[in-house]
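In what follows, a single structure is set out as structure tokens and then discussed.
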Amino acid sequence: MKADVPRATTSLEQRFRTGVPAALTEVIAIHQPLVSRLVYRLTAWSRTDTEDIVQEVFVNALRSRKTFDARSSLATWLTRITINTCCTERRKRLLRTRYWKRLLTSQSQSISSPPAADLHEDIQQTMTELRRLPATYREAVVLRYLEEMEIDDIARLLNLSRPAVEVRLHRARAMLRTALLKGD
Amino acid sequence: MIQHDLKISLKQADAAFSAPPLQDPTTLARRVQQTSRNRSSFRALAAVLITVGIGTLTLHRPSHLTVSTATDPRADLQNIRHEIAMHEQTTRDLLQAEHLEHTAGRIAIARELSTGRTAAERAASALLWQAEHESLHPGQSLRAYSDVVHYFPDTFSANIARQRLQQLQKEG
């Protein structure tokens, strides 16, 4: 993901920060594709969750709009909020899993998008293994390989050191490699 | 699998799953604002309820008097018993002091009698003094008074001893 924002949005950032209602609509119109795509990937390609979490991301952004400063772009700021919101939702789901395991089992079956019937077997397997990765590893993989972010940017967004991100990526690759080779 | 291949596989897998359709920005913005307003109202209401709750609890907190009456009854009973014991001890001390004063008077009389008398009178006086001195122990005093009367019946001390014996008999 490239976190570059057009110059025209500079005033939009200021208007959004001061709480102008029309600015929110504009921010959503510009950044919804980015947020939606990232949420979809971070929630392991779950269509049902994506819509709710996207709304939650913008609610959080609206609430904490005064903390936004011009040091980073609005896209970077929203990316950070998206990652944090996905983490929070994951924690909530873990709690739900613990206490309402049965209920969640039926939910989880409905939230994951089913793979297309005509999908190539290798792609299906890759996606299955990607979904099986621990959330922190999947997060690193999504940001690095699908959003094409630099390791330093990922480290800043996840509030980690560069070696920590590299370790996560290395382990994620190793796990995927082992799982895919076993599948072959 | 090398890193490049993995990246391509991941991208292919990601591309195979089409992203969900985007929502209408105006509708989404309205929903976001509504949710945000609802949450603010909820937070404000929760803050008011918590404040009222804390205030109610603080106002209805039991006073010091209530706390003191609510102490353990065993401790109260123990305090009362301790107080009773103290009063009993005071009474005993007062009685003892009165008795010693009374006895000291009698000893003084006996001493006076024992000076410048005959040998029998002195011996009787000595016995009487002993009886007076040992008056804290009624059994021994009784025996000493009886000895004075028995061995020295015609002495002045014997008269005093008889009076004491009569007095002791009256007291039972």
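Quick note on naming: the chains in the structure tokens go A, B, ... in the order shown, residues restart at 1 in each chain, and ligands are numbered from 1 in order of appearance.
For chain A, the residues close to chain B, meaning within 6 Å and counting only C-alpha atoms, are Thr25, Ile28, Ala29, Val59, Ile123, Met127 and Tyr145 of chain A.
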Could you save the residues just selected, with N, CA and C atoms, as a JSON list (two decimals), in the first residue's frame?
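Contents of the output file part-v4.json:
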[["chain", "number", "residue", "atom", "x", "y", "z"],
["A", 25, "THR", "N", -17.63, 12.44, 4.96],
["A", 25, "THR", "CA", -18.11, 11.77, 3.74],
["A", 25, "THR", "C", -17.00, 11.74, 2.69],
["A", 28, "ILE", "N", -14.32, 9.25, 3.68],
["A", 28, "ILE", "CA", -14.79, 7.88, 3.42],
["A", 28, "ILE", "C", -14.73, 7.58, 1.92],
["A", 29, "ALA", "N", -15.17, 8.53, 1.13],
["A", 29, "ALA", "CA", -15.17, 8.31, -0.33],
["A", 29, "ALA", "C", -13.77, 8.06, -0.86],
["A", 59, "VAL", "N", -15.61, 5.03, 12.67],
["A", 59, "VAL", "CA", -16.13, 5.54, 13.96],
["A", 59, "VAL", "C", -14.94, 5.89, 14.86],
["A", 123, "ILE", "N", -4.05, -22.53, -5.37],
["A", 123, "ILE", "CA", -4.48, -21.24, -4.80],
["A", 123, "ILE", "C", -5.34, -21.47, -3.58],
["A", 127, "MET", "N", -4.44, -20.23, 0.20],
["A", 127, "MET", "CA", -5.36, -19.42, 0.99],
["A", 127, "MET", "C", -5.71, -20.10, 2.31],
["A", 145, "TYR", "N", 3.57, -8.45, 1.77],
["A", 145, "TYR", "CA", 3.48, -9.03, 0.44],
["A", 145, "TYR", "C", 2.25, -8.61, -0.34]]
**Request:** Step one, run DSSP on the backbone; step two, keep only residues of chain B assigned to helix (DSSP H, G or I); then write them as number ranges by chain.
**Result:** B: 3-16, 25-59, 64-69, 73-114, 119-136, 138-151, 156-171
**Asked** Which distance in Å separates CA of His120 (chain A) and CA of Arg132 (chain A), to one decimal?
**Response**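 CA of His120 (chain A) sits 18.6 Å away from CA of Arg132 (chain A).
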**Message:** Can you pull out the residues contacting region 156-159 of chain B? Cut-off 10 Å, using only C-alpha atoms, and skip same-chain residues under 2 positions away; I want them as number ranges by chain.
**Reply:** B: 109-110, 113-114, 120-129, 145-154, 161-165
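Of the residues listed (A:Asp49, A:Glu147, A:Glu56, A:Asp69), A:Asp49 shows the shortest atom-to-atom separation from Arg93 (chain A); distances use only C-alpha atoms.
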**Request:** Select, from A:Leu157, A:Ala44, A:Leu24, A:Leu130, the residue with the minimum atom-to-atom distance to Arg177 (chain A), counting only C-alpha atoms.
**Result:**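 When distances to Arg177 (chain A) are compared using only C-alpha atoms, the smallest one comes from A:Leu130.
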**Who sits within 12 Å of Phe68 (chain A), only C-alpha atoms, same chain under 3 positions skipped, as an NGL selection string** = :A and (13-19 or 60-65 or 71-78 or 80-81)
**Prompt:** Got a sec: who's within 8 Å of Leu12 (chain A), counting only C-alpha atoms, leaving out chain neighbours fewer than 5 positions off, as a list in words?
**Reply:**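 Within the cut-off, the hits are Ala23, Glu26 and Val27 of chain A.
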**Message:** Given only C-alpha atoms as the basis, pick out the residue of A:Ala164, A:Ala174, A:Ala70, A:Ala155 nearest to Ser11 (chain A).
**Reply:**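 Smallest separation from Ser11 (chain A) among the options: A:Ala70.
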